[in-house]
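Presented below is the structure to which this report refers.
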Amino acid sequence: MSDGITRRDALGRVVRGTVLLGLGSTAGFLINKAEGQVVWQVDTSRCVNSRLGEAGAEVCMLCTTQCVVAQSAVRAINSFRDCGRCYVCPAYYNIRSAVDERGLPSEKLCPRDAIRRTPIGFVDPEDPANNFYEYVIEEEKCDGCGLCVKACREPLGLGSIVLKVRHNLCVDCNRCAISIACPHDALFQHKVADALEPTLARQPQP
Amino acid sequence: MGSMHYRRLPNVRRDGPDSRFATALRGLAVDRRDRIYAVGDAEVKIFDRDGRLQRRWPTSRPGCSVAVDEYDRVYVGETGQLEIFDATGRLADVWRHASRLGRVTAIDFAGGDVLVGDANDRAIRRYDEHGSFMNDIGKNNRMQGFLIPNGVIEFAVDRAGVIQAANPGKHRIERYTLDDRLLGHIGRFDGVDPAGFPGCCNPTNLAVDVRGRIYVTEKADPRVKVYNDDGTLVAVVASEGFDPNCKNMDIAVDSRGRVYVTDPVRLDILAFETEGAAS
């Protein structure tokens with residue numbers, strides 16, 4: 001061929017173009033599939049354990065008892081942004097239990113001992129109240145019973161602990177057993193793409 | 001606990017639209033003539049000692065706290081500023097400071113000084129009567145301020161000029177001098193014994209009467225109590241009658257010993273007096 005373009009070059013360009021087109025199409029297909037895929041999540045504004053205005057209500061444990069996953073795919077998480085780092089955390093301690101010699105509640109609230117309490121910085125030896133404390137939920141122990149969520153709810157706490165479906169544990173049932181049992185319609189499906197949004201609340205339906 | 005008992009009186013009236021708060025009721029005070037001052041929405045409302053609305057006027061921003069000095073000047077704490085009105089509601093002065101007056105949730109007076117609680121910085125500010133800043137109180141500690149997960153600074157000055165300040169995260173009432181010396185504290189955590197302070201953070205609000213008794217409110221569950229200045233519980237004033245979701249219920253005590261408490265959820269002002277008190 002003239003201008004130095006051989007038949008081999010032309011053929012190579014066609015092949016490379018075809019491969020790139022194929023890769024692009026595949027990527028587009030995967031993205032579309034991901035955006036269309038839905039996952040289950042807890043609407044914290046509907047969950048009776050976390051929603052405001054539920055003072056005195058009994059804790060709901062349906063996420064623990066109804067999930068088909070053995071230890072439930074719903075776990076409690078603590079948002080450090082919202083946590084008060086209190087000396088006496090009502091989600092960590094059973095604040096109705098007798099006071100011990102340290103002046104703290106003698107019992108923990110979590111039946112699985114899934115909350116870890118760590119002082120931030122060194123503890124003032126003369127006054128342990130003179131400190132902030134970090135509360136971390138150990139997810140491998142948590143079964144989503146919601147006791148800590150209810151105890152942390154406003155106005156007793158700051159509402160920093162909520163229940164959340166962990167997608168690495170959830171088996172994505174078409175009809176989630178918890179959602180069927182939940183009387184407050186607090187389990188809902190949303191797109192994977194929306195799961196990247198910071199809000200945990202249900203988006204308004206168009 | 002002593003043998004003093006309180007009974008509930010009719011709420012401060014809200015029988016007309018002018019006497020009601022629409023969306024928020026945050027601050028409460030009584031003056032030397034036992035008139036009741038309440039702030040919320042973006043308005044000051046003044047009720048007579050029998051609870052009838054006497055006067056109201058707007059504030060430039062929603063009020064978080066209110067106090068009345070011996071000259072009947074009305075101080076309203078807001079976000080970023082303090083508005084000072086004369087007794088007729090005419091704006092006399094505004095002290096502005098974005099950081100020192102971040103969110104003013106308590107005001108009281110000591111001698112000629114004005115003390116304001118800034119919840120944003122978890123400290124009490126001391127100003128002279130002209131609005132010149134003098135010093136901080138309660139900030140010179142390891143926590144660099146009061147522990148207030150409930151979101152309000154609250155204090156009152158007793159007759160001896162000592163600041164009684166709620167430190168709810170420590171379940172205490174701390175005493176400070178005007179020059180920021182911690183004199184001591186009363187109170188302890190206890191979720192069962194009513195003499196203690198329950199929950200994560202109580203007491204949330206307090207007032208002091210002329211005898212030095214300290215009146216406190218608690219959240220979750222809402223409760224009103226009275227302590228002697230040595231920390232002994234005198235009486236539980238009330239543990240019902242409030243919306244259970246209440247928190248930061250402001251409190252004031254008049255010269256007759258009547259106790260007024262806000263219900264910020266129902267936007268009511270509840271009143272109590274001791275059994276046998278002359279109404």
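Naming scheme: A, B, ... for chains in displayed order of the structure tokens; residues 1 onward per chain; ligands 1 onward as shown.
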Taking only C-alpha atoms into account, which residues of chain A are within 6 Å of chain B, as a PyMOL selection string?
chain A and resi 84+88-90+95-96+129+155-156
Next, write the just-selected residues to a file, as an mmCIF file, in the first residue's frame, keeping C-alpha atoms as the atom set.
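The result, written out as again-v3.cif:
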data_model
loop_
_atom_site.group_PDB
_atom_site.id
_atom_site.type_symbol
_atom_site.label_atom_id
_atom_site.label_comp_id
_atom_site.auth_asym_id
_atom_site.auth_seq_id
_atom_site.Cartn_x
_atom_site.Cartn_y
_atom_site.Cartn_z
ATOM 1 C CA GLY A 84 -20.804 11.591 72.462
ATOM 2 C CA VAL A 88 -21.331 6.346 81.086
ATOM 3 C CA CYS A 89 -22.621 5.132 77.734
ATOM 4 C CA PRO A 90 -26.195 3.792 78.012
ATOM 5 C CA ILE A 95 -27.604 1.957 83.348
ATOM 6 C CA ARG A 96 -30.356 0.502 85.523
ATOM 7 C CA ALA A 129 -14.835 10.809 84.356
ATOM 8 C CA PRO A 155 -33.107 11.568 74.107
ATOM 9 C CA LEU A 156 -31.269 8.997 76.255
#
If DSSP is run on the backbone, what residues of range 19-93 of chain A are helix (DSSP H, G or I)? A reply as a PyMOL selection string would be ideal.
chain A and resi 19-36+62-66
Put those residues in a file: C-alpha atoms, as a PDB file, in the first residue's frame.
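Contents of result_21.pdb, freshly written:
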ATOM      1  CA  VAL A  19     -11.122  -5.207  21.219  1.00  0.00           C
ATOM      2  CA  LEU A  20     -11.486  -1.691  22.658  1.00  0.00           C
ATOM      3  CA  LEU A  21     -15.097  -1.547  21.552  1.00  0.00           C
ATOM      4  CA  GLY A  22     -15.724  -4.903  23.176  1.00  0.00           C
ATOM      5  CA  LEU A  23     -14.115  -3.827  26.449  1.00  0.00           C
ATOM      6  CA  GLY A  24     -16.121  -0.619  26.481  1.00  0.00           C
ATOM      7  CA  SER A  25     -19.351  -2.459  25.910  1.00  0.00           C
ATOM      8  CA  THR A  26     -18.554  -4.956  28.650  1.00  0.00           C
ATOM      9  CA  ALA A  27     -17.727  -2.169  31.119  1.00  0.00           C
ATOM     10  CA  GLY A  28     -20.948  -0.373  30.255  1.00  0.00           C
ATOM     11  CA  PHE A  29     -22.919  -3.579  30.657  1.00  0.00           C
ATOM     12  CA  LEU A  30     -21.354  -4.232  34.083  1.00  0.00           C
ATOM     13  CA  ILE A  31     -21.990  -0.679  35.269  1.00  0.00           C
ATOM     14  CA  ASN A  32     -25.586  -0.829  34.133  1.00  0.00           C
ATOM     15  CA  LYS A  33     -25.998  -4.161  35.856  1.00  0.00           C
ATOM     16  CA  ALA A  34     -24.532  -2.830  39.100  1.00  0.00           C
ATOM     17  CA  GLU A  35     -26.768   0.227  38.990  1.00  0.00           C
ATOM     18  CA  GLY A  36     -29.774  -1.930  38.440  1.00  0.00           C
ATOM     19  CA  LEU A  62     -36.904  -9.267  64.514  1.00  0.00           C
ATOM     20  CA  CYS A  63     -33.662  -8.574  62.628  1.00  0.00           C
ATOM     21  CA  THR A  64     -32.000 -11.178  64.840  1.00  0.00           C
ATOM     22  CA  THR A  65     -34.760 -13.755  64.888  1.00  0.00           C
ATOM     23  CA  GLN A  66     -36.047 -13.572  61.305  1.00  0.00           C
TER      24      GLN A  66
END
Excluding His167 in chain A and any residue of its chain fewer than 2 positions from it, enumerate the residues within 8 Å of it, using only C-alpha atoms, and give them as a list in words.
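Using only C-alpha atoms, the neighbours found are Val39, Ala73, Val165, Leu169, Cys170 and Val171 of chain A.
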Selected residues written out with N, CA and C atoms, as a PDB file, in the first residue's frame:
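Once everything was written out, this is again-v7.pdb:
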ATOM      1  N   VAL A  39     -30.075  -4.006  46.793  1.00  0.00           N
ATOM      2  CA  VAL A  39     -29.672  -4.663  48.037  1.00  0.00           C
ATOM      3  C   VAL A  39     -30.635  -4.236  49.140  1.00  0.00           C
ATOM      4  N   ALA A  73     -27.615 -11.032  59.168  1.00  0.00           N
ATOM      5  CA  ALA A  73     -26.779 -10.146  58.355  1.00  0.00           C
ATOM      6  C   ALA A  73     -26.929  -8.696  58.784  1.00  0.00           C
ATOM      7  N   VAL A 165     -27.748  -3.484  57.351  1.00  0.00           N
ATOM      8  CA  VAL A 165     -27.521  -4.762  56.678  1.00  0.00           C
ATOM      9  C   VAL A 165     -26.091  -4.769  56.153  1.00  0.00           C
ATOM     10  N   LEU A 169     -22.537 -10.139  54.274  1.00  0.00           N
ATOM     11  CA  LEU A 169     -23.189 -11.245  54.975  1.00  0.00           C
ATOM     12  C   LEU A 169     -24.563 -11.565  54.390  1.00  0.00           C
ATOM     13  N   CYS A 170     -25.211 -10.560  53.842  1.00  0.00           N
ATOM     14  CA  CYS A 170     -26.579 -10.717  53.327  1.00  0.00           C
ATOM     15  C   CYS A 170     -26.559 -11.614  52.080  1.00  0.00           C
ATOM     16  N   VAL A 171     -27.523 -12.525  51.986  1.00  0.00           N
ATOM     17  CA  VAL A 171     -27.578 -13.427  50.831  1.00  0.00           C
ATOM     18  C   VAL A 171     -28.592 -12.944  49.791  1.00  0.00           C
TER      19      VAL A 171
END
Test item, strand (DSSP E) assignment across range 141-184 of chain B, answer as an MDAnalysis selection string
chainID B and resid 155:157 163:167 172:176 182:184
Written selection (C-alpha atoms) as an mmCIF file, in the first residue's frame:
data_model
loop_
_atom_site.group_PDB
_atom_site.id
_atom_site.type_symbol
_atom_site.label_atom_id
_atom_site.label_comp_id
_atom_site.auth_asym_id
_atom_site.auth_seq_id
_atom_site.Cartn_x
_atom_site.Cartn_y
_atom_site.Cartn_z
ATOM 1 C CA PHE B 155 -25.463 27.287 85.146
ATOM 2 C CA ALA B 156 -26.784 29.672 87.793
ATOM 3 C CA VAL B 157 -25.129 32.036 90.225
ATOM 4 C CA ILE B 163 -21.354 29.659 89.850
ATOM 5 C CA GLN B 164 -23.240 26.362 90.045
ATOM 6 C CA ALA B 165 -22.713 24.728 86.645
ATOM 7 C CA ALA B 166 -24.128 21.487 85.301
ATOM 8 C CA ASN B 167 -21.517 19.096 83.955
ATOM 9 C CA ARG B 172 -22.097 16.530 88.520
ATOM 10 C CA ILE B 173 -22.841 20.093 89.464
ATOM 11 C CA GLU B 174 -19.560 21.955 89.706
ATOM 12 C CA ARG B 175 -18.881 25.138 91.677
ATOM 13 C CA TYR B 176 -16.655 27.836 90.258
ATOM 14 C CA LEU B 182 -13.074 25.024 90.731
ATOM 15 C CA LEU B 183 -14.312 24.895 94.329
ATOM 16 C CA GLY B 184 -15.763 21.393 94.223
#
Write out as a PDB file with C-alpha atoms, in the first residue's frame the residues lying within 9 Å of Ser65 in chain B, counting only C-alpha atoms and excluding same-chain residues fewer than 2 positions away.
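To be explicit, this is the file written out as selection.pdb:
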ATOM      1  CA  ARG B  26     -35.886  26.906  74.832  1.00  0.00           C
ATOM      2  CA  GLY B  27     -35.263  29.406  77.627  1.00  0.00           C
ATOM      3  CA  LEU B  28     -37.020  30.358  80.849  1.00  0.00           C
ATOM      4  CA  ALA B  29     -36.419  32.923  83.623  1.00  0.00           C
ATOM      5  CA  ALA B  38     -39.842  32.547  78.011  1.00  0.00           C
ATOM      6  CA  VAL B  39     -37.953  32.505  74.710  1.00  0.00           C
ATOM      7  CA  GLY B  40     -38.458  30.306  71.709  1.00  0.00           C
ATOM      8  CA  GLY B  63     -33.639  32.613  71.408  1.00  0.00           C
ATOM      9  CA  ALA B  67     -32.282  36.255  81.869  1.00  0.00           C
ATOM     10  CA  TYR B  75     -30.902  39.402  77.925  1.00  0.00           C
ATOM     11  CA  VAL B  76     -31.626  36.894  75.175  1.00  0.00           C
ATOM     12  CA  GLY B  77     -28.945  34.387  74.191  1.00  0.00           C
ATOM     13  CA  GLU B  78     -28.900  33.411  70.540  1.00  0.00           C
ATOM     14  CA  VAL B 104     -25.653  31.054  74.124  1.00  0.00           C
ATOM     15  CA  THR B 105     -27.718  28.582  76.149  1.00  0.00           C
ATOM     16  CA  ALA B 106     -27.473  30.164  79.616  1.00  0.00           C
ATOM     17  CA  ILE B 107     -27.140  33.667  81.087  1.00  0.00           C
ATOM     18  CA  ASP B 250     -35.129  24.764  81.243  1.00  0.00           C
TER      19      ASP B 250
END
